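One file, start.pdb, is given below (PDB, C-alpha atoms).
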```
ATOM      1  CA  LEU A1242      95.847 107.566 133.216
ATOM      2  CA  THR A1243      94.688 103.977 132.629
ATOM      3  CA  LEU A1244      95.333 102.908 129.033
ATOM      4  CA  ALA A1245      93.979 100.034 126.938
ATOM      5  CA  VAL A1246      94.743 100.556 123.248
ATOM      6  CA  THR A1247      93.814  98.051 120.552
ATOM      7  CA  PRO A1248      95.652  96.532 118.822
ATOM      8  CA  ALA A1249      98.026  95.989 121.738
ATOM      9  CA  ASN A1250     101.113  96.364 119.514
ATOM     10  CA  ALA A1251     100.149  99.854 118.332
ATOM     11  CA  GLU A1252     102.625 102.683 118.841
ATOM     12  CA  VAL A1253     101.167 105.007 121.488
ATOM     13  CA  THR A1254     102.351 108.475 122.495
ATOM     14  CA  LEU A1255     101.334 110.768 125.343
ATOM     15  CA  ASP A1256     101.968 114.388 124.379
ATOM     16  CA  GLY A1257     104.452 113.126 121.771
ATOM     17  CA  VAL A1258     106.341 110.799 124.146
ATOM     18  CA  LYS A1259     106.115 107.032 123.520
ATOM     19  CA  VAL A1260     104.270 105.086 126.252
ATOM     20  CA  PRO A1261     103.028 101.468 126.656
ATOM     21  CA  ALA A1262      99.727 100.586 124.966
ATOM     22  CA  THR A1263      98.314  99.161 128.201
ATOM     23  CA  GLY A1264      98.790  99.970 131.869
ATOM     24  CA  THR A1265      98.614 102.909 134.262
ATOM     25  CA  ILE A1266     100.694 106.056 133.697
ATOM     26  CA  PRO A1267     101.121 109.034 136.055
ATOM     27  CA  VAL A1268     100.347 112.318 134.264
ATOM     28  CA  GLY A1269     100.580 115.945 135.249
ATOM     29  CA  ILE A1270      97.521 118.111 135.887
ATOM     30  CA  GLY A1271      96.145 119.755 132.748
ATOM     31  CA  ASP A1272      95.401 119.010 129.101
ATOM     32  CA  HIS A1273      96.950 116.026 127.321
ATOM     33  CA  THR A1274      96.762 114.151 124.012
ATOM     34  CA  ILE A1275      96.979 110.393 123.512
ATOM     35  CA  ALA A1276      97.762 109.274 119.948
ATOM     36  CA  ALA A1277      98.037 105.757 118.516
ATOM     37  CA  SER A1278      99.147 104.426 115.150
ATOM     38  CA  ARG A1279     100.112 101.171 113.443
ATOM     39  CA  ILE A1280     100.742 100.115 109.860
ATOM     40  CA  GLY A1281      97.483  98.825 108.361
ATOM     41  CA  TYR A1282      95.296 100.883 110.725
ATOM     42  CA  LYS A1283      93.835 104.395 110.661
ATOM     43  CA  PRO A1284      95.645 106.610 113.227
ATOM     44  CA  SER A1285      93.586 107.971 116.112
ATOM     45  CA  SER A1286      94.028 110.458 118.941
ATOM     46  CA  VAL A1287      92.111 111.530 122.053
ATOM     47  CA  GLN A1288      92.401 114.679 124.170
ATOM     48  CA  PHE A1289      91.672 114.674 127.901
ATOM     49  CA  LYS A1290      92.075 116.861 130.972
ATOM     50  CA  ALA A1291      93.723 115.495 134.139
ATOM     51  CA  ALA A1292      92.866 116.713 137.637
ATOM     52  CA  ALA A1293      94.800 116.098 140.867
ATOM     53  CA  GLY A1294      94.126 112.682 142.413
ATOM     54  CA  GLU A1295      91.875 111.592 139.561
ATOM     55  CA  VAL A1296      92.055 108.314 137.620
ATOM     56  CA  VAL A1297      91.378 108.906 133.924
ATOM     57  CA  GLU A1298      90.220 105.905 131.911
ATOM     58  CA  MET A1299      89.831 105.826 128.143
ATOM     59  CA  ASN A1300      86.113 105.129 127.848
ATOM     60  CA  PRO A1301      85.535 103.747 125.313
ATOM     61  CA  PRO A1302      89.086 102.331 124.961
ATOM     62  CA  LEU A1303      91.206 103.838 122.208
ATOM     63  CA  GLY A1304      90.805 101.455 119.277
ATOM     64  CA  LEU A1305      92.238 101.729 115.781
ATOM     65  CA  ASP A1306      90.224 100.823 112.691
ATOM     66  CA  ARG A1307      91.790  98.363 110.254
ATOM     67  CA  VAL A1308      92.161  99.822 106.750
ATOM     68  CA  SER A1309      94.482  97.427 104.880
ATOM     69  CA  SER A1310      96.290  94.097 104.963
ATOM     70  CA  VAL A1311     100.001  93.998 105.783
ATOM     71  CA  LEU A1312     102.569  91.454 104.595
ATOM     72  CA  THR A1313     105.869  90.937 106.427
ATOM     73  CA  PHE A1314     108.885  89.147 104.943
ATOM     74  CA  VAL A1315     112.212  87.781 106.149
ATOM     75  CA  THR A1316     114.704  86.109 103.827
ATOM     76  CA  ALA A1317     117.919  84.103 103.910
ATOM     77  CA  PRO A1318     120.164  85.638 102.787
ATOM     78  CA  PRO A1319     119.395  89.363 103.154
ATOM     79  CA  GLY A1320     119.392  91.527 100.035
ATOM     80  CA  VAL A1321     116.473  89.729  98.377
ATOM     81  CA  GLU A1322     114.157  91.791  96.182
ATOM     82  CA  ILE A1323     110.445  91.399  96.986
ATOM     83  CA  ILE A1324     108.091  91.619  93.996
ATOM     84  CA  ILE A1325     104.304  91.379  94.389
ATOM     85  CA  ASP A1326     102.154  91.051  91.252
ATOM     86  CA  GLY A1327     105.057  92.387  89.198
ATOM     87  CA  ILE A1328     105.607  95.471  91.385
ATOM     88  CA  ARG A1329     108.871  95.904  93.302
ATOM     89  CA  HIS A1330     108.363  96.517  97.038
ATOM     90  CA  GLY A1331     111.939  96.780  98.290
ATOM     91  CA  VAL A1332     114.940  94.675  99.313
ATOM     92  CA  THR A1333     115.383  92.895 102.648
ATOM     93  CA  GLN A1334     118.089  94.360 104.890
ATOM     94  CA  PRO A1335     120.582  92.549 107.182
ATOM     95  CA  GLY A1336     119.030  91.096 110.346
ATOM     96  CA  PRO A1337     118.491  89.625 112.749
ATOM     97  CA  PRO A1338     114.687  89.804 112.854
ATOM     98  CA  PRO A1339     112.689  89.976 116.125
ATOM     99  CA  SER A1340     112.916  86.922 118.380
ATOM    100  CA  ASP A1341     109.365  85.787 117.552
ATOM    101  CA  TYR A1342     110.647  84.684 114.113
ATOM    102  CA  ALA A1343     112.821  81.947 115.642
ATOM    103  CA  GLU A1344     110.005  79.379 115.594
ATOM    104  CA  ARG A1345     109.114  80.130 111.968
ATOM    105  CA  ALA A1346     112.782  79.902 111.031
ATOM    106  CA  ALA A1347     113.048  76.477 112.692
ATOM    107  CA  ARG A1348     109.986  75.216 110.775
ATOM    108  CA  ALA A1349     111.518  76.429 107.515
ATOM    109  CA  GLY A1350     114.885  74.833 108.340
ATOM    110  CA  VAL A1351     116.692  78.180 108.277
ATOM    111  CA  PRO A1352     119.056  79.246 111.103
ATOM    112  CA  ALA A1353     117.730  82.487 112.609
ATOM    113  CA  SER A1354     121.244  83.960 112.363
ATOM    114  CA  GLN A1355     120.987  83.837 108.544
ATOM    115  CA  LEU A1356     117.712  85.753 108.348
ATOM    116  CA  SER A1357     117.254  89.324 107.202
ATOM    117  CA  ASN A1358     115.429  91.983 109.144
ATOM    118  CA  VAL A1359     111.668  92.275 108.582
ATOM    119  CA  LEU A1360     110.428  93.981 105.417
ATOM    120  CA  VAL A1361     106.886  95.352 105.833
ATOM    121  CA  VAL A1362     104.594  95.780 102.814
ATOM    122  CA  PRO A1363     101.281  97.532 103.643
ATOM    123  CA  GLU A1364      98.118  98.211 101.634
ATOM    124  CA  ILE A1365      97.771  94.778 100.029
ATOM    125  CA  PRO A1366      94.238  94.308  98.616
ATOM    126  CA  ILE A1367      92.058  91.256  99.145
ATOM    127  CA  GLY A1368      92.631  88.579  96.501
ATOM    128  CA  THR A1369      95.281  86.154  95.240
ATOM    129  CA  HIS A1370      98.771  87.551  94.753
ATOM    130  CA  ARG A1371     102.002  86.328  93.137
ATOM    131  CA  LEU A1372     105.074  86.775  95.322
ATOM    132  CA  GLU A1373     108.527  86.700  93.712
ATOM    133  CA  PHE A1374     111.907  86.673  95.462
ATOM    134  CA  LYS A1375     115.046  87.550  93.492
ATOM    135  CA  LYS A1376     118.738  88.076  94.225
ATOM    136  CA  GLU A1377     121.710  88.046  91.904
ATOM    137  CA  CYS A1378     123.630  84.755  92.018
ATOM    138  CA  TYR A1379     120.696  82.960  93.680
ATOM    139  CA  VAL A1380     117.887  80.785  92.326
ATOM    140  CA  GLY A1381     114.655  82.786  92.333
ATOM    141  CA  ASN A1382     111.604  81.696  94.305
ATOM    142  CA  GLU A1383     107.898  82.229  93.741
ATOM    143  CA  ARG A1384     104.820  81.761  95.930
ATOM    144  CA  ARG A1385     101.072  82.368  95.793
ATOM    145  CA  LEU A1386      99.203  84.051  98.624
ATOM    146  CA  THR A1387      95.459  84.577  99.031
ATOM    147  CA  VAL A1388      94.498  87.560 101.179
ATOM    148  CA  GLU A1389      90.995  86.770 102.401
ATOM    149  CA  SER A1390      90.501  89.626 104.869
ATOM    150  CA  LEU A1391      92.139  92.773 106.229
ATOM    151  CA  ASP A1392      94.747  91.253 108.518
ATOM    152  CA  ASP A1393      98.469  90.749 109.151
ATOM    153  CA  TYR A1394     100.135  88.083 106.987
ATOM    154  CA  PRO A1395     103.629  87.133 108.228
ATOM    155  CA  ILE A1396     105.205  85.142 105.385
ATOM    156  CA  ASP A1397     107.269  82.102 106.391
ATOM    157  CA  PRO A1398     111.027  82.699 105.957
ATOM    158  CA  VAL A1399     112.122  82.543 102.327
ATOM    159  CA  LYS A1400     115.454  80.802 101.658
ATOM    160  CA  LEU A1401     117.180  81.180  98.293
ATOM    161  CA  GLU A1402     119.811  78.713  97.118
ATOM    162  CA  PRO A1403     123.016  79.909  95.415
ATOM    163  CA  ALA A1404     122.970  79.859  91.593
ATOM    164  CA  VAL A1405     126.673  79.373  90.920
ATOM    165  CA  ALA A1406     128.994  77.358  88.713
ATOM    166  CA  SER A1407     132.712  76.540  88.969
ATOM    167  CA  ILE A1408     135.524  77.091  86.463
ATOM    168  CA  ALA A1409     138.820  75.177  86.410
ATOM    169  CA  ILE A1410     141.478  77.111  84.487
ATOM    170  CA  LYS A1411     144.873  75.886  83.232
ATOM    171  CA  ALA A1412     147.405  77.767  81.101
ATOM    172  CA  ASN A1413     150.500  76.761  79.110
ATOM    173  CA  GLN A1414     152.461  79.729  80.505
ATOM    174  CA  PRO A1415     153.194  79.737  84.260
ATOM    175  CA  GLY A1416     151.990  82.783  86.167
ATOM    176  CA  SER A1417     149.187  83.694  83.747
ATOM    177  CA  VAL A1418     146.817  86.073  85.539
ATOM    178  CA  VAL A1419     143.117  85.182  85.415
ATOM    179  CA  PHE A1420     140.380  87.787  84.970
ATOM    180  CA  ILE A1421     136.623  87.115  85.120
ATOM    181  CA  ASP A1422     134.528  89.972  83.676
ATOM    182  CA  GLY A1423     137.513  92.275  84.100
ATOM    183  CA  GLN A1424     138.125  91.384  87.764
ATOM    184  CA  GLN A1425     141.415  89.694  88.691
ATOM    185  CA  ARG A1426     140.722  86.251  90.201
ATOM    186  CA  GLY A1427     144.154  84.715  90.763
ATOM    187  CA  VAL A1428     146.842  82.936  88.774
ATOM    188  CA  ALA A1429     146.449  79.816  86.603
ATOM    189  CA  PRO A1430     146.119  76.984  87.358
ATOM    190  CA  THR A1431     143.151  77.775  89.581
ATOM    191  CA  ASN A1432     139.628  76.692  90.491
ATOM    192  CA  ILE A1433     136.971  79.392  90.928
ATOM    193  CA  ASN A1434     133.798  78.089  92.585
ATOM    194  CA  ASP A1435     131.598  81.185  92.889
ATOM    195  CA  ILE A1436     130.755  82.075  89.293
ATOM    196  CA  CYS A1437     127.217  83.454  89.107
ATOM    197  CA  GLU A1438     124.839  81.870  86.622
ATOM    198  CA  GLY A1439     124.888  83.692  83.281
ATOM    199  CA  PRO A1440     127.348  84.900  80.623
ATOM    200  CA  HIS A1441     130.950  85.760  81.562
ATOM    201  CA  VAL A1442     134.205  86.751  79.877
ATOM    202  CA  VAL A1443     137.254  84.723  80.959
ATOM    203  CA  GLU A1444     140.603  86.333  80.187
ATOM    204  CA  LEU A1445     144.205  85.227  80.861
ATOM    205  CA  LYS A1446     147.250  87.462  80.546
ATOM    206  CA  SER A1447     150.950  86.708  80.721
ATOM    207  CA  ALA A1448     154.117  88.579  79.786
ATOM    208  CA  SER A1449     153.961  87.234  76.226
ATOM    209  CA  GLY A1450     150.413  86.057  75.619
ATOM    210  CA  ARG A1451     146.688  86.660  75.989
ATOM    211  CA  TYR A1452     143.605  84.432  75.918
ATOM    212  CA  ILE A1453     139.869  85.278  75.909
ATOM    213  CA  ASN A1454     136.888  82.968  76.126
ATOM    214  CA  ARG A1455     133.172  83.617  76.666
ATOM    215  CA  VAL A1456     131.175  81.137  78.728
ATOM    216  CA  ASP A1457     127.516  80.858  79.697
ATOM    217  CA  ALA A1458     127.503  79.363  83.192
ATOM    218  CA  ARG A1459     124.585  77.338  84.548
ATOM    219  CA  THR A1460     123.878  76.463  88.177
ATOM    220  CA  GLY A1461     125.992  73.501  89.299
ATOM    221  CA  GLN A1462     127.998  73.363  86.078
ATOM    222  CA  LYS A1463     131.743  72.603  86.101
ATOM    223  CA  ILE A1464     133.555  74.372  83.280
ATOM    224  CA  ASP A1465     137.109  73.421  82.183
ATOM    225  CA  ILE A1466     139.256  75.957  80.324
ATOM    226  CA  SER A1467     142.751  75.074  79.146
TER     227      SER A1467
END
```

Entire entry expressed as structure tokens:
Amino acid sequence: LTLAVTPANAEVTLDGVKVPATGTIPVGIGDHTIAASRIGYKPSSVQFKAAAGEVVEMNPPLGLDRVSSVLTFVTAPPGVEIIIDGIRHGVTQPGPPPSDYAERAARAGVPASQLSNVLVVPEIPIGTHRLEFKKECYVGNERRLTVESLDDYPIDPVKLEPAVASIAIKANQPGSVVFIDGQQRGVAPTNINDICEGPHVVELKSASGRYINRVDARTGQKIDIS
């Protein structure tokens, strides 16, 4: 069987077994089914009968019809929520992505080792769309994208910067235990440099005393508590 499926990166199966989209494949005598599918395209299949010594060519070649646009995302770090026009489309998972993203990562100034795996979002209509990228403890990002035709749109790697503040804590009683939002974070005096932006409860406890303070941390802020 001589195969030439378009697009060339479609997933092709012969009698349910995955095969290359192009090339020549030996097949047994009898009836067979070739099926092809890819995100953004309408699946298609063809049945044929093979005879001994015969070369079977797909004529016309097996081609898939495009039915929607597809967006693909990678982020640094992973775990970023993808929102398109206010609708949540998932969270990027740990990478690495395929090797063909290395060049895009270099252009964006992001080491490929920091990238997530690829998140695929199909069925995006033609028009201008608002893309939002959110992750707790990171500064959100937003982009605009115009989809002009039914096609693949690989989005350049999205890098989010940490949204953290630092807190320096001192206490008048040695050995006072520090808690941030109920989680133990060491013993005063101490510096804590990974406080997410937003409101927090700072609590200190010792054998004979207790202290509570509420702070509203902002990115880059240095907070002193004595």

**Request:** Name the residues in contact with Asn1434 in chain A at a cut-off of 9 Å, using only C-alpha atoms, excluding same-chain residues fewer than 5 positions from it; report them as number ranges by chain.
**Result:** A: 1405-1409, 1463

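Picked out by the PyMOL selection byres ((chain A and resi 1330-1341) around 7) when it runs on this file: Val1315, Thr1316, Pro1319, Gly1320, Val1321, Glu1322, Ile1323, Ile1324, Ile1328, Arg1329, Tyr1342, Ala1343, Glu1344, Ser1354, Leu1356, Ser1357, Asn1358, Val1359, Leu1360 and Val1362 of chain A.
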
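Note that CA of Asp1392 in chain A and CA of Gly1350 in chain A are 26.0 Å apart.
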
**Prompt:** Just so the selection is clear, what residues does the PyMOL selection byres ((chain A and resi 1397) around 8) cover here, as a ChimeraX atom specification?
**Reply:** /A:1314-1315,1345-1346,1349,1395-1396,1398-1399

Evaluating the PyMOL selection byres ((chain A and resi 1304-1307) around 12) on the displayed file yields which residues, as a PDB file with C-alpha atoms, in the coordinates of the input?
```pdb
ATOM      1  CA  LEU A1244      95.333 102.908 129.033  1.00  0.00           C
ATOM      2  CA  ALA A1245      93.979 100.034 126.938  1.00  0.00           C
ATOM      3  CA  VAL A1246      94.743 100.556 123.248  1.00  0.00           C
ATOM      4  CA  THR A1247      93.814  98.051 120.552  1.00  0.00           C
ATOM      5  CA  PRO A1248      95.652  96.532 118.822  1.00  0.00           C
ATOM      6  CA  ALA A1249      98.026  95.989 121.738  1.00  0.00           C
ATOM      7  CA  ASN A1250     101.113  96.364 119.514  1.00  0.00           C
ATOM      8  CA  ALA A1251     100.149  99.854 118.332  1.00  0.00           C
ATOM      9  CA  GLU A1252     102.625 102.683 118.841  1.00  0.00           C
ATOM     10  CA  VAL A1253     101.167 105.007 121.488  1.00  0.00           C
ATOM     11  CA  ALA A1262      99.727 100.586 124.966  1.00  0.00           C
ATOM     12  CA  THR A1263      98.314  99.161 128.201  1.00  0.00           C
ATOM     13  CA  ILE A1275      96.979 110.393 123.512  1.00  0.00           C
ATOM     14  CA  ALA A1276      97.762 109.274 119.948  1.00  0.00           C
ATOM     15  CA  ALA A1277      98.037 105.757 118.516  1.00  0.00           C
ATOM     16  CA  SER A1278      99.147 104.426 115.150  1.00  0.00           C
ATOM     17  CA  ARG A1279     100.112 101.171 113.443  1.00  0.00           C
ATOM     18  CA  ILE A1280     100.742 100.115 109.860  1.00  0.00           C
ATOM     19  CA  GLY A1281      97.483  98.825 108.361  1.00  0.00           C
ATOM     20  CA  TYR A1282      95.296 100.883 110.725  1.00  0.00           C
ATOM     21  CA  LYS A1283      93.835 104.395 110.661  1.00  0.00           C
ATOM     22  CA  PRO A1284      95.645 106.610 113.227  1.00  0.00           C
ATOM     23  CA  SER A1285      93.586 107.971 116.112  1.00  0.00           C
ATOM     24  CA  SER A1286      94.028 110.458 118.941  1.00  0.00           C
ATOM     25  CA  VAL A1287      92.111 111.530 122.053  1.00  0.00           C
ATOM     26  CA  MET A1299      89.831 105.826 128.143  1.00  0.00           C
ATOM     27  CA  ASN A1300      86.113 105.129 127.848  1.00  0.00           C
ATOM     28  CA  PRO A1301      85.535 103.747 125.313  1.00  0.00           C
ATOM     29  CA  PRO A1302      89.086 102.331 124.961  1.00  0.00           C
ATOM     30  CA  LEU A1303      91.206 103.838 122.208  1.00  0.00           C
ATOM     31  CA  VAL A1308      92.161  99.822 106.750  1.00  0.00           C
ATOM     32  CA  SER A1309      94.482  97.427 104.880  1.00  0.00           C
ATOM     33  CA  SER A1310      96.290  94.097 104.963  1.00  0.00           C
ATOM     34  CA  VAL A1311     100.001  93.998 105.783  1.00  0.00           C
ATOM     35  CA  PRO A1363     101.281  97.532 103.643  1.00  0.00           C
ATOM     36  CA  GLU A1364      98.118  98.211 101.634  1.00  0.00           C
ATOM     37  CA  SER A1390      90.501  89.626 104.869  1.00  0.00           C
ATOM     38  CA  LEU A1391      92.139  92.773 106.229  1.00  0.00           C
ATOM     39  CA  ASP A1392      94.747  91.253 108.518  1.00  0.00           C
ATOM     40  CA  ASP A1393      98.469  90.749 109.151  1.00  0.00           C
TER      41      ASP A1393
END
```

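CA of Glu1389 in chain A to CA of Arg1371 in chain A spans 14.4 Å [interatomic distance, one decimal].
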
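Computed from the coordinates, the CA of Arg1385 in chain A to CA of His1370 in chain A distance equals 5.8 Å.
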
**Request:** Skip range 1411-1422 of chain A itself and residues of its chain fewer than 3 positions away, then list as a ChimeraX atom specification all residues within 12 Å of it, counting all atoms listed in the file.
**Result:** /A:1407-1408,1425-1433,1435-1437,1439-1456,1464-1467

**Message:** With only C-alpha atoms as the counted atoms, please give the residues lying no more than 10 Å from Glu1402 in chain A, apart from itself and same-chain residues fewer than 4 positions off, as a VMD selection string.
**Reply:** chain A and resid 1317 to 1318 1376 1378 to 1382

**Asked** Near Ala1292 in chain A, within 8 Å and counting only C-alpha atoms, which residues show up once chain neighbours fewer than 2 positions away are dropped, as a ChimeraX atom specification?
**Response** /A:1270-1271,1290,1294-1295

Around all of range 1259-1271 of chain A's listed atoms, make the axis-aligned box with 4 Å on each side and tell me centre and edge lengths in Å to one decimal, as AutoDock Vina command-line options.
```
--center_x 101.1 --center_y 109.5 --center_z 129.8 --size_x 18.0 --size_y 28.6 --size_z 20.5
```

**Prompt:** Which is closer to Phe1374 in chain A than all the others in A:Leu1401, A:Ala1293, A:Leu1242, A:Val1258, using only C-alpha atoms?
**Reply:** A:Leu1401

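Comparing the minimum interatomic distances between Gln1462 in chain A and each of A:Tyr1394, A:Lys1375, A:Ala1347, A:Glu1438, counting all atoms listed in the file, we find that A:Glu1438 sits nearest.
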